$ cat my_file-v1.cif   # mmCIF, C-alpha atoms and all ligand atoms
data_start
loop_
_atom_site.label_atom_id
_atom_site.label_comp_id
_atom_site.auth_asym_id
_atom_site.auth_seq_id
_atom_site.Cartn_x
_atom_site.Cartn_y
_atom_site.Cartn_z
CA MET A 17 0.00 0.00 0.00
CA LYS A 18 1.31 3.45 -0.92
CA ARG A 19 2.06 5.91 1.84
CA ILE A 20 1.32 9.59 1.38
CA LEU A 21 2.33 12.49 3.60
CA VAL A 22 -0.12 15.39 3.59
CA ILE A 23 1.40 18.65 4.83
CA TYR A 24 -0.95 21.50 5.70
CA THR A 25 0.75 24.90 5.53
CA GLY A 26 -2.35 27.09 5.78
CA GLY A 27 -4.77 28.88 3.46
CA THR A 28 -8.48 28.79 2.80
CA ILE A 29 -8.61 25.06 2.19
CA GLY A 30 -8.12 24.15 5.83
CA MET A 31 -10.87 26.34 7.21
CA VAL A 32 -13.89 24.69 8.80
CA LYS A 33 -16.93 26.06 10.59
CA ASP A 34 -17.10 26.08 14.34
CA LYS A 35 -20.26 24.10 15.08
CA THR A 36 -21.46 26.50 17.76
CA THR A 37 -20.39 29.94 16.53
CA GLY A 38 -20.38 29.29 12.79
CA ALA A 39 -17.02 31.12 12.51
CA LEU A 40 -14.31 29.74 10.26
CA HIS A 41 -11.17 28.45 11.91
CA PRO A 42 -8.31 26.21 10.77
CA PHE A 43 -9.03 22.52 11.05
CA ASP A 44 -6.86 20.01 12.81
CA MET A 45 -5.04 17.93 10.21
CA LYS A 46 -4.96 14.97 12.58
CA LYS A 47 -8.71 14.80 12.04
CA ILE A 48 -8.45 14.61 8.25
CA TYR A 49 -10.39 11.34 8.13
CA GLU A 50 -13.16 12.96 10.19
CA ALA A 51 -13.33 15.90 7.77
CA LEU A 52 -13.05 13.68 4.69
CA PRO A 53 -14.04 10.10 5.60
CA VAL A 54 -13.98 9.18 1.90
CA LEU A 55 -10.17 9.30 2.01
CA LYS A 56 -10.30 5.95 3.83
CA GLU A 57 -11.58 4.41 0.63
CA LEU A 58 -8.45 5.32 -1.30
CA GLU A 59 -6.03 2.46 -1.14
CA CYS A 60 -3.22 4.32 0.56
CA GLY A 61 -2.04 5.17 4.02
CA ILE A 62 -2.08 8.86 4.88
CA ASP A 63 -0.03 10.61 7.51
CA THR A 64 -0.40 14.29 8.19
CA LEU A 65 1.72 17.18 9.36
CA GLN A 66 0.54 20.66 10.13
CA PHE A 67 2.60 23.85 10.18
CA ASP A 68 2.63 25.55 13.54
CA PRO A 69 1.52 28.26 13.14
CA ILE A 70 -0.28 27.75 9.85
CA ILE A 71 0.20 30.71 7.51
CA ASP A 72 -1.88 32.57 5.02
CA SER A 73 0.12 32.12 1.85
CA SER A 74 0.47 35.91 1.53
CA ASP A 75 3.07 35.51 4.29
CA MET A 76 5.07 32.95 2.30
CA HIS A 77 8.80 33.60 1.95
CA SER A 78 11.98 31.74 1.16
CA ASP A 79 12.58 30.44 4.70
CA VAL A 80 9.33 28.52 4.51
CA TRP A 81 10.24 27.09 1.10
CA LEU A 82 13.56 25.89 2.50
CA ARG A 83 11.74 24.37 5.49
CA LEU A 84 9.29 22.56 3.22
CA ALA A 85 12.06 21.25 0.97
CA LYS A 86 14.03 20.05 4.00
CA LEU A 87 10.96 18.33 5.42
CA ILE A 88 10.34 16.49 2.16
CA GLY A 89 14.01 15.48 2.08
CA GLU A 90 13.83 14.12 5.63
CA LYS A 91 10.64 12.15 4.96
CA TYR A 92 11.54 11.15 1.41
CA ASP A 93 12.26 7.48 2.01
CA LEU A 94 9.22 6.98 4.23
CA TYR A 95 6.61 8.03 1.67
CA ASP A 96 5.67 7.37 -1.94
CA GLY A 97 4.27 10.82 -2.49
CA PHE A 98 3.60 14.18 -0.87
CA VAL A 99 0.54 16.42 -0.90
CA ILE A 100 0.91 20.01 0.27
CA LEU A 101 -2.19 21.98 1.24
CA HIS A 102 -1.42 25.63 0.61
CA GLY A 103 -3.17 28.97 0.13
CA THR A 104 -3.82 29.75 -3.50
CA ASP A 105 -2.37 33.27 -3.53
CA THR A 106 1.28 32.27 -3.68
CA MET A 107 0.87 28.62 -4.63
CA SER A 108 2.58 29.07 -8.00
CA TYR A 109 5.60 30.69 -6.33
CA THR A 110 5.90 27.85 -3.83
CA ALA A 111 5.51 25.19 -6.52
CA SER A 112 8.22 26.89 -8.55
CA ALA A 113 10.58 27.26 -5.59
CA LEU A 114 10.18 23.61 -4.57
CA SER A 115 10.80 22.46 -8.14
CA PHE A 116 14.24 24.07 -8.01
CA LEU A 117 15.07 23.11 -4.43
CA LEU A 118 14.22 19.42 -4.99
CA ASP A 119 16.63 18.26 -7.68
CA ASN A 120 16.30 14.71 -9.07
CA LEU A 121 12.86 14.34 -7.60
CA SER A 122 11.48 10.88 -8.31
CA LYS A 123 8.21 11.08 -6.37
CA PRO A 124 5.13 13.25 -6.79
CA VAL A 125 4.82 16.44 -4.78
CA ILE A 126 1.29 17.68 -5.41
CA ILE A 127 0.26 21.08 -4.11
CA THR A 128 -3.40 21.94 -3.81
CA GLY A 129 -5.74 24.36 -2.08
CA SER A 130 -9.20 25.72 -2.64
CA GLN A 131 -11.21 28.81 -3.31
CA LEU A 132 -13.86 27.89 -0.74
CA PRO A 133 -13.01 26.57 2.73
CA LEU A 134 -13.30 22.84 3.32
CA GLY A 135 -16.02 23.60 5.87
CA MET A 136 -18.39 25.12 3.32
CA ILE A 137 -21.00 23.07 1.52
CA ARG A 138 -19.94 23.94 -2.04
CA THR A 139 -16.24 23.71 -1.29
CA ASP A 140 -13.85 22.83 -4.08
CA GLY A 141 -11.35 21.74 -1.42
CA ARG A 142 -12.91 18.32 -1.00
CA GLU A 143 -12.40 17.26 -4.63
CA ASN A 144 -9.02 18.92 -4.78
CA ILE A 145 -7.65 17.03 -1.76
CA ILE A 146 -9.14 13.69 -2.78
CA SER A 147 -7.79 13.91 -6.34
CA ALA A 148 -4.40 15.22 -5.21
CA VAL A 149 -4.01 12.25 -2.84
CA GLU A 150 -5.24 9.82 -5.49
CA ILE A 151 -2.75 11.18 -8.01
CA ALA A 152 0.12 11.12 -5.48
CA ALA A 153 -0.70 7.49 -4.69
CA ASN A 154 -1.39 6.31 -8.23
CA ASP A 155 0.22 3.09 -9.49
CA GLU A 156 -0.24 3.84 -13.15
CA VAL A 157 2.28 6.54 -13.91
CA SER A 158 5.31 8.02 -12.16
CA ILE A 159 5.07 11.75 -11.58
CA PRO A 160 8.55 12.90 -10.57
CA GLU A 161 7.52 16.55 -10.43
CA VAL A 162 6.26 19.33 -8.22
CA CYS A 163 2.72 19.83 -9.50
CA ILE A 164 -0.34 21.88 -8.75
CA PHE A 165 -3.65 20.07 -8.81
CA PHE A 166 -6.62 22.39 -9.09
CA GLU A 167 -10.15 22.01 -10.40
CA ASN A 168 -9.72 18.86 -12.51
CA LYS A 169 -6.26 19.57 -13.83
CA LEU A 170 -2.78 18.54 -12.88
CA PHE A 171 -0.21 21.13 -13.89
CA ARG A 172 3.55 21.32 -13.82
CA GLY A 173 3.79 23.68 -10.85
CA ASN A 174 6.49 25.95 -12.23
CA ARG A 175 4.40 26.66 -15.33
CA THR A 176 1.38 27.97 -13.46
CA THR A 177 -0.07 31.34 -12.54
CA LYS A 178 -3.09 32.12 -10.41
CA ILE A 179 -5.41 33.92 -12.80
CA ASN A 180 -8.71 34.07 -11.00
CA ALA A 181 -9.59 35.22 -7.50
CA GLU A 182 -13.10 33.83 -7.65
CA HIS A 183 -13.59 30.94 -10.05
CA PHE A 184 -12.78 27.39 -9.11
CA GLU A 185 -10.67 27.23 -12.25
CA ALA A 186 -8.08 29.51 -10.70
CA PHE A 187 -4.80 28.34 -12.24
CA TYR A 188 -3.50 28.62 -15.75
CA SER A 189 -0.51 27.21 -17.55
CA GLY A 190 -0.23 29.20 -20.76
CA ASN A 191 2.97 27.70 -22.09
CA TYR A 192 2.71 24.06 -21.12
CA PRO A 193 -0.29 21.73 -21.33
CA SER A 194 -1.76 20.11 -18.23
CA LEU A 195 -0.18 16.79 -17.22
CA ALA A 196 -3.47 15.10 -16.41
CA LYS A 197 -7.19 15.75 -16.49
CA VAL A 198 -9.62 14.39 -13.96
CA GLY A 199 -13.05 13.35 -15.15
CA ILE A 200 -14.66 9.96 -14.75
CA ASN A 201 -11.10 8.67 -15.07
CA ILE A 202 -7.79 10.36 -14.48
CA SER A 203 -6.16 10.64 -17.87
CA TYR A 204 -2.42 11.17 -17.64
CA LYS A 205 -0.45 12.59 -20.55
CA ARG A 206 2.69 10.56 -20.01
CA HIS A 207 4.67 12.20 -22.78
CA LEU A 208 4.38 15.57 -21.01
CA ILE A 209 5.53 14.34 -17.62
CA ARG A 210 9.21 14.56 -16.71
CA GLU A 211 11.32 11.43 -16.84
CA LEU A 212 12.47 9.65 -13.72
CA PRO A 213 15.90 10.93 -12.73
CA VAL A 214 18.90 8.63 -12.64
CA GLU A 215 20.43 10.23 -9.58
CA ARG A 216 19.16 10.49 -6.04
CA LEU A 217 17.24 13.45 -4.64
CA ARG A 218 19.33 16.47 -3.77
CA VAL A 219 17.71 19.06 -1.53
CA TYR A 220 19.18 22.54 -1.86
CA ASP A 221 19.19 24.69 1.23
CA ARG A 222 19.89 28.17 -0.04
CA MET A 223 17.98 30.90 -1.81
CA CYS A 224 18.90 34.52 -2.36
CA ASP A 225 16.18 37.06 -1.69
CA GLN A 226 18.10 40.16 -2.78
CA VAL A 227 15.96 40.33 -5.88
CA ALA A 228 13.28 42.63 -7.27
CA ILE A 229 10.54 42.46 -9.87
CA ILE A 230 10.07 45.59 -11.93
CA LYS A 231 7.04 45.78 -14.17
CA VAL A 232 7.31 48.19 -17.07
CA HIS A 233 4.18 50.25 -17.65
CA PRO A 234 3.33 53.44 -19.48
CA ALA A 235 3.60 55.57 -16.32
CA LEU A 236 7.00 54.21 -15.27
CA LYS A 237 9.28 57.15 -14.59
CA ARG A 238 13.01 57.55 -14.39
CA GLU A 239 12.89 58.20 -10.59
CA HIS A 240 10.83 55.05 -10.00
CA LEU A 241 13.17 52.86 -11.98
CA GLU A 242 16.33 54.38 -10.52
CA THR A 243 14.95 54.06 -6.98
CA PHE A 244 14.25 50.37 -7.50
CA LEU A 245 17.59 49.72 -9.12
CA SER A 246 19.48 51.50 -6.35
CA ILE A 247 18.31 49.03 -3.68
CA LYS A 248 21.34 48.14 -1.59
CA ASP A 249 22.86 44.70 -2.25
CA LEU A 250 20.49 44.00 -5.11
CA LYS A 251 21.71 40.90 -6.96
CA GLY A 252 19.01 40.18 -9.50
CA VAL A 253 16.11 41.89 -11.21
CA ILE A 254 13.20 40.48 -13.12
CA LEU A 255 12.08 42.96 -15.70
CA GLU A 256 8.46 42.26 -16.60
CA THR A 257 8.24 43.63 -20.10
CA TYR A 258 5.57 43.96 -22.77
CA GLY A 259 4.72 41.29 -25.32
CA SER A 260 7.75 39.49 -26.66
CA GLY A 261 10.14 41.29 -24.30
CA ASN A 262 9.75 44.93 -25.26
CA ALA A 263 10.54 47.86 -23.00
CA PRO A 264 10.77 51.65 -23.33
CA THR A 265 13.51 52.80 -25.68
CA ALA A 266 14.12 56.14 -23.88
CA ASP A 267 17.74 56.83 -22.93
CA TRP A 268 16.96 57.09 -19.20
CA PHE A 269 15.53 53.58 -19.25
CA ILE A 270 18.33 52.02 -21.28
CA ASN A 271 21.01 53.77 -19.21
CA ALA A 272 19.48 52.77 -15.87
CA VAL A 273 19.29 49.11 -16.90
CA GLY A 274 22.73 49.19 -18.51
CA ASN A 275 24.35 50.72 -15.38
CA THR A 276 22.69 48.10 -13.22
CA ILE A 277 24.10 45.27 -15.34
CA SER A 278 27.55 46.81 -15.32
CA LYS A 279 27.42 46.82 -11.49
CA GLY A 280 27.07 43.03 -11.68
CA VAL A 281 23.31 42.75 -11.17
CA ILE A 282 21.58 40.07 -13.23
CA VAL A 283 18.59 41.30 -15.24
CA LEU A 284 16.15 38.68 -16.50
CA ASN A 285 13.50 39.64 -19.05
CA VAL A 286 10.08 38.01 -18.71
CA THR A 287 6.85 38.88 -20.47
CA GLN A 288 3.77 40.29 -18.77
CA CYS A 289 1.65 38.18 -21.11
CA LYS A 290 0.12 35.02 -19.73
CA ALA A 291 1.33 32.96 -22.69
CA GLY A 292 4.05 33.25 -25.26
CA SER A 293 7.70 34.03 -25.00
CA VAL A 294 10.32 36.76 -24.79
CA VAL A 295 12.22 36.94 -28.08
CA MET A 296 14.74 39.71 -27.65
CA GLY A 297 15.81 41.45 -30.80
CA HIS A 298 12.48 40.77 -32.48
CA TYR A 299 11.58 44.46 -32.20
CA GLN A 300 13.78 47.52 -31.84
CA ALA A 301 12.25 47.92 -28.35
CA SER A 302 14.18 44.91 -27.07
CA THR A 303 17.32 45.05 -29.21
CA GLU A 304 19.07 47.43 -26.80
CA LEU A 305 18.27 45.17 -23.85
CA LEU A 306 19.87 42.27 -25.67
CA LYS A 307 23.00 44.29 -26.44
CA MET A 308 23.36 45.33 -22.80
CA GLY A 309 23.34 41.76 -21.54
CA VAL A 310 19.75 41.40 -20.32
CA ILE A 311 19.01 37.67 -20.20
CA SER A 312 15.93 36.31 -21.92
CA GLY A 313 13.56 34.39 -19.68
CA GLY A 314 11.96 32.79 -22.76
CA ASP A 315 8.50 31.54 -21.91
CA ILE A 316 9.00 31.38 -18.14
CA THR A 317 6.30 32.74 -15.82
CA THR A 318 7.14 35.59 -13.45
CA GLU A 319 6.59 33.25 -10.50
CA ALA A 320 9.03 30.65 -11.82
CA ALA A 321 11.49 33.36 -12.86
CA LEU A 322 11.56 34.75 -9.33
CA ALA A 323 12.08 31.33 -7.78
CA LYS A 324 14.72 30.39 -10.36
CA LEU A 325 16.64 33.64 -9.89
CA MET A 326 16.55 33.20 -6.10
CA PHE A 327 17.69 29.59 -6.45
CA VAL A 328 20.48 30.24 -8.94
CA LEU A 329 21.82 33.33 -7.13
CA GLY A 330 21.65 31.49 -3.83
CA ASN A 331 23.68 28.53 -5.02
CA TYR A 332 26.11 29.75 -7.69
CA ASP A 333 28.64 32.56 -7.53
CA ASP A 334 30.19 32.63 -10.95
CA ARG A 335 28.36 35.10 -13.19
CA ASN A 336 28.76 33.00 -16.33
CA GLU A 337 27.40 29.97 -14.53
CA VAL A 338 24.45 32.00 -13.20
CA GLU A 339 23.65 33.25 -16.70
CA ARG A 340 24.05 29.79 -18.21
CA MET A 341 21.67 28.31 -15.67
CA LEU A 342 19.08 31.04 -16.17
CA ARG A 343 19.11 30.33 -19.90
CA SER A 344 18.86 26.55 -19.36
CA ASP A 345 15.83 24.46 -18.68
CA LEU A 346 16.47 23.18 -15.14
CA ARG A 347 13.11 21.66 -14.14
CA GLY A 348 10.85 21.95 -17.15
CA GLU A 349 10.16 25.63 -16.42
CA ILE A 350 11.06 26.94 -19.87
CA THR A 351 10.91 25.70 -23.43
CA VAL A 352 14.39 25.66 -24.95
N1 LIG B 401 -5.24 34.23 1.26
C1 LIG B 401 -5.39 32.80 1.11
C2 LIG B 401 -4.01 32.21 0.96
O1 LIG B 401 -3.43 32.28 -0.08
C3 LIG B 401 -6.26 32.48 -0.06
C4 LIG B 401 -6.39 31.01 -0.36
O2 LIG B 401 -6.07 30.16 0.41
O3 LIG B 401 -6.88 30.70 -1.42
O4 LIG B 401 -3.51 31.70 1.92
#
$ encode --input "my_file-v1.cif" --output "structure tokens"
Amino acid sequence: MKRILVIYTGGTIGMVKDKTTGALHPFDMKKIYEALPVLKELECGIDTLQFDPIIDSSDMHSDVWLRLAKLIGEKYDLYDGFVILHGTDTMSYTASALSFLLDNLSKPVIITGSQLPLGMIRTDGRENIISAVEIAANDEVSIPEVCIFFENKLFRGNRTTKINAEHFEAFYSGNYPSLAKVGINISYKRHLIRELPVERLRVYDRMCDQVAIIKVHPALKREHLETFLSIKDLKGVILETYGSGNAPTADWFINAVGNTISKGVIVLNVTQCKAGSVVMGHYQASTELLKMGVISGGDITTEAALAKLMFVLGNYDDRNEVERMLRSDLRGEITV
């Protein structure tokens, strides 16, 4: 029988109604079978762990990612798969971070959450937990990836973005198809799932958070950009540009970015679009960026770009190596 570890970090999914007051409060993971008796019918053994304190995912940061990765590393040999219950707001960031921190992953790590608390009648949390556990425990296909399961679809986690604050279909993967769809059956698309690694799991324990995301927009001014770029000890910047990687062509913009790169800061270009790719040099508006040494993020999401930059800067010192890694596909996060 497969053994699954369910880790509850916090978020809407774990909220249940107090029977007397009707107020929502976090549920006790030890009572998961009481909350979802149907889980007993799945042919797997489930153990649970609960963060203390649980956190709203808006409070997520790199220390928690490192803690989660370490926990999975420590429990790795005891379980066949892991399910992480997490708030939806930063779920894509966490999935991306874990994908980089857990190298040579050979077991499924499925992150899920819900838009409505588990304690509400129409909750989507019930189906999401049941399917996430079923997928983590499945015998049919190996899923050596950090995934997000949400509303009938299994996604590669580092390809996702939360796109809806209200609908049950809250996650989107614009540049990579879903890995499985859940209907009457669970249909896995094996050819899209990563291959089993040859080497053993390596858990990384460092991330650099001296990074910033700067979104270009029509009201962006010289002072704003220069203020951001003058942050002390800044090591990396994600420049969220228009379309296929285009940014203002004004001298103040080009000079500010160029000076930043010459100070040794890495600048990674990602698109604000929800699908498609940065192709620098395609238009005049990105040719200068290319010449200055801005790195193309290709079709990476902003969430994955942030996690990748933090991971690469945290673990590699040599600038050429950092740039090479940012351009490479490390965990299926970009199309190369
Ligand atoms: N604010 C919550 C969180 O991300 C929302 C949710 O769980 O969906 O933790």
$ residues_near_point --input "my_file-v1.cif" --point "(9.5, 26.1, -17.1)" --cutoff "12 Å" --atoms "only C-alpha atoms" --output "number ranges by chain"
A: 108, 111-113, 115-116, 161-163, 171-177, 189-193, 210, 293, 313-324, 342-352
$ atom_distance --input "my_file-v1.cif" --atom1 "CA of Asp334 (chain A)" --atom2 "CA of Met296 (chain A)"
23.8 Å
$ closest_residue --input "my_file-v1.cif" --among "A:Asp34, A:Glu143, A:Glu182, A:Asp105" --to "Leu52 (chain A)" --atoms "all atoms listed in the file"
A:Glu143
$ residues_near_ligand --input "my_file-v1.cif" --ligand "ligand LIG 401 (chain B)" --cutoff "7 Å" --atoms "all atoms listed in the file" --output "PDB file with C-alpha atoms, keeping the file's coordinate frame"
ATOM      1  CA  GLY A  26      -2.350  27.090   5.780  1.00  0.00           C
ATOM      2  CA  GLY A  27      -4.770  28.880   3.460  1.00  0.00           C
ATOM      3  CA  THR A  28      -8.480  28.790   2.800  1.00  0.00           C
ATOM      4  CA  ILE A  29      -8.610  25.060   2.190  1.00  0.00           C
ATOM      5  CA  ILE A  71       0.200  30.710   7.510  1.00  0.00           C
ATOM      6  CA  ASP A  72      -1.880  32.570   5.020  1.00  0.00           C
ATOM      7  CA  SER A  73       0.120  32.120   1.850  1.00  0.00           C
ATOM      8  CA  SER A  74       0.470  35.910   1.530  1.00  0.00           C
ATOM      9  CA  HIS A 102      -1.420  25.630   0.610  1.00  0.00           C
ATOM     10  CA  GLY A 103      -3.170  28.970   0.130  1.00  0.00           C
ATOM     11  CA  THR A 104      -3.820  29.750  -3.500  1.00  0.00           C
ATOM     12  CA  ASP A 105      -2.370  33.270  -3.530  1.00  0.00           C
ATOM     13  CA  THR A 106       1.280  32.270  -3.680  1.00  0.00           C
ATOM     14  CA  GLY A 129      -5.740  24.360  -2.080  1.00  0.00           C
ATOM     15  CA  SER A 130      -9.200  25.720  -2.640  1.00  0.00           C
ATOM     16  CA  GLN A 131     -11.210  28.810  -3.310  1.00  0.00           C
TER      17      GLN A 131
END
$ atom_distance --input "my_file-v1.cif" --atom1 "CA of Arg218 (chain A)" --atom2 "CA of Leu94 (chain A)"
16.0 Å
$ residues_around --input "my_file-v1.cif" --residues "region 265-278 of chain A" --least-positions-apart "2" --cutoff "7 Å" --atoms "only C-alpha atoms" --output "ChimeraX atom specification"
/A:238,242,245,263,280-283,301,308
$ write_last_selection --input "my_file-v1.cif" --atoms "C-alpha atoms" --output "PDB file, keeping the file's coordinate frame"
ATOM      1  CA  ARG A 238      13.010  57.550 -14.390  1.00  0.00           C
ATOM      2  CA  GLU A 242      16.330  54.380 -10.520  1.00  0.00           C
ATOM      3  CA  LEU A 245      17.590  49.720  -9.120  1.00  0.00           C
ATOM      4  CA  ALA A 263      10.540  47.860 -23.000  1.00  0.00           C
ATOM      5  CA  GLY A 280      27.070  43.030 -11.680  1.00  0.00           C
ATOM      6  CA  VAL A 281      23.310  42.750 -11.170  1.00  0.00           C
ATOM      7  CA  ILE A 282      21.580  40.070 -13.230  1.00  0.00           C
ATOM      8  CA  VAL A 283      18.590  41.300 -15.240  1.00  0.00           C
ATOM      9  CA  ALA A 301      12.250  47.920 -28.350  1.00  0.00           C
ATOM     10  CA  MET A 308      23.360  45.330 -22.800  1.00  0.00           C
TER      11      MET A 308
END
$ residues_around --input "my_file-v1.cif" --residues "Tyr24 (chain A)" --least-positions-apart "2" --cutoff "8 Å" --atoms "all atoms listed in the file" --output "PyMOL selection string"
chain A and resi 22+26+30+45+64-67+70+100-102
$ closest_residue --input "my_file-v1.cif" --among "A:Leu55, A:Ala152, A:Ala186, A:Met31" --to "Arg19 (chain A)" --atoms "all atoms listed in the file"
A:Ala152
$ closest_residue --input "my_file-v1.cif" --among "A:Leu58, A:Ile159, A:Met136, A:Leu21" --to "Phe98 (chain A)" --atoms "all atoms listed in the file"
A:Leu21
$ atom_distance --input "my_file-v1.cif" --atom1 "CA of Phe184 (chain A)" --atom2 "CA of Phe165 (chain A)"
11.7 Å
$ closest_residue --input "my_file-v1.cif" --among "A:Ile151, A:Val32, A:Leu250, A:Ile179" --to "Tyr204 (chain A)" --atoms "only C-alpha atoms"
A:Ile151
$ closest_residue --input "my_file-v1.cif" --among "A:Ala228, A:Val294, A:Ile164, A:Val80" --to "Asp68 (chain A)" --atoms "only C-alpha atoms"
A:Val80
$ closest_residue --input "my_file-v1.cif" --among "A:Glu185, A:Leu84, A:Ser194, A:Leu121" --to "His207 (chain A)" --atoms "all atoms listed in the file"
A:Ser194
$ decode --input "my_file-v1.cif" --residues "region 323-339 of chain A" --atoms "N, CA, C and O atoms" --output "compact mmCIF listing (two decimals), in the first residue's frame"
# COMPACT_ATOMS: atom_id res chain seq x y z
N ALA A 323 11.54 32.47 -8.53
CA ALA A 323 12.08 31.33 -7.78
C ALA A 323 13.41 30.86 -8.38
O ALA A 323 14.35 30.54 -7.65
N LYS A 324 13.49 30.86 -9.70
CA LYS A 324 14.72 30.39 -10.36
C LYS A 324 15.88 31.35 -10.08
O LYS A 324 17.00 30.92 -9.76
N LEU A 325 15.60 32.64 -10.16
CA LEU A 325 16.64 33.64 -9.89
C LEU A 325 17.12 33.51 -8.44
O LEU A 325 18.33 33.53 -8.17
N MET A 326 16.19 33.34 -7.52
CA MET A 326 16.55 33.20 -6.10
C MET A 326 17.38 31.93 -5.87
O MET A 326 18.33 31.90 -5.10
N PHE A 327 16.99 30.87 -6.58
CA PHE A 327 17.69 29.59 -6.45
C PHE A 327 19.10 29.69 -7.05
O PHE A 327 20.09 29.33 -6.41
N VAL A 328 19.19 30.21 -8.25
CA VAL A 328 20.48 30.24 -8.94
C VAL A 328 21.45 31.19 -8.21
O VAL A 328 22.60 30.85 -7.95
N LEU A 329 20.94 32.38 -7.83
CA LEU A 329 21.82 33.33 -7.13
C LEU A 329 22.22 32.82 -5.75
O LEU A 329 23.28 33.15 -5.24
N GLY A 330 21.35 32.02 -5.16
CA GLY A 330 21.65 31.49 -3.83
C GLY A 330 22.68 30.37 -3.84
O GLY A 330 23.31 30.08 -2.82
N ASN A 331 22.84 29.73 -4.99
CA ASN A 331 23.68 28.53 -5.02
C ASN A 331 24.90 28.61 -5.94
O ASN A 331 25.73 27.71 -5.90
N TYR A 332 24.97 29.63 -6.76
CA TYR A 332 26.11 29.75 -7.69
C TYR A 332 26.67 31.16 -7.64
O TYR A 332 25.92 32.13 -7.58
N ASP A 333 28.00 31.25 -7.64
CA ASP A 333 28.64 32.56 -7.53
C ASP A 333 29.12 33.11 -8.87
O ASP A 333 29.08 34.31 -9.11
N ASP A 334 29.59 32.20 -9.70
CA ASP A 334 30.19 32.63 -10.95
C ASP A 334 29.13 33.20 -11.91
O ASP A 334 28.13 32.55 -12.19
N ARG A 335 29.37 34.42 -12.37
CA ARG A 335 28.36 35.10 -13.19
C ARG A 335 28.00 34.32 -14.47
O ARG A 335 26.83 34.20 -14.84
N ASN A 336 29.04 33.75 -15.10
CA ASN A 336 28.76 33.00 -16.33
C ASN A 336 27.89 31.78 -16.06
O ASN A 336 27.00 31.44 -16.82
N GLU A 337 28.18 31.14 -14.92
CA GLU A 337 27.40 29.97 -14.53
C GLU A 337 25.95 30.38 -14.24
O GLU A 337 24.99 29.70 -14.64
N VAL A 338 25.80 31.51 -13.52
CA VAL A 338 24.45 32.00 -13.20
C VAL A 338 23.69 32.26 -14.49
O VAL A 338 22.54 31.82 -14.67
N GLU A 339 24.34 32.92 -15.43
CA GLU A 339 23.65 33.25 -16.70
C GLU A 339 23.33 31.98 -17.48
O GLU A 339 22.25 31.85 -18.06
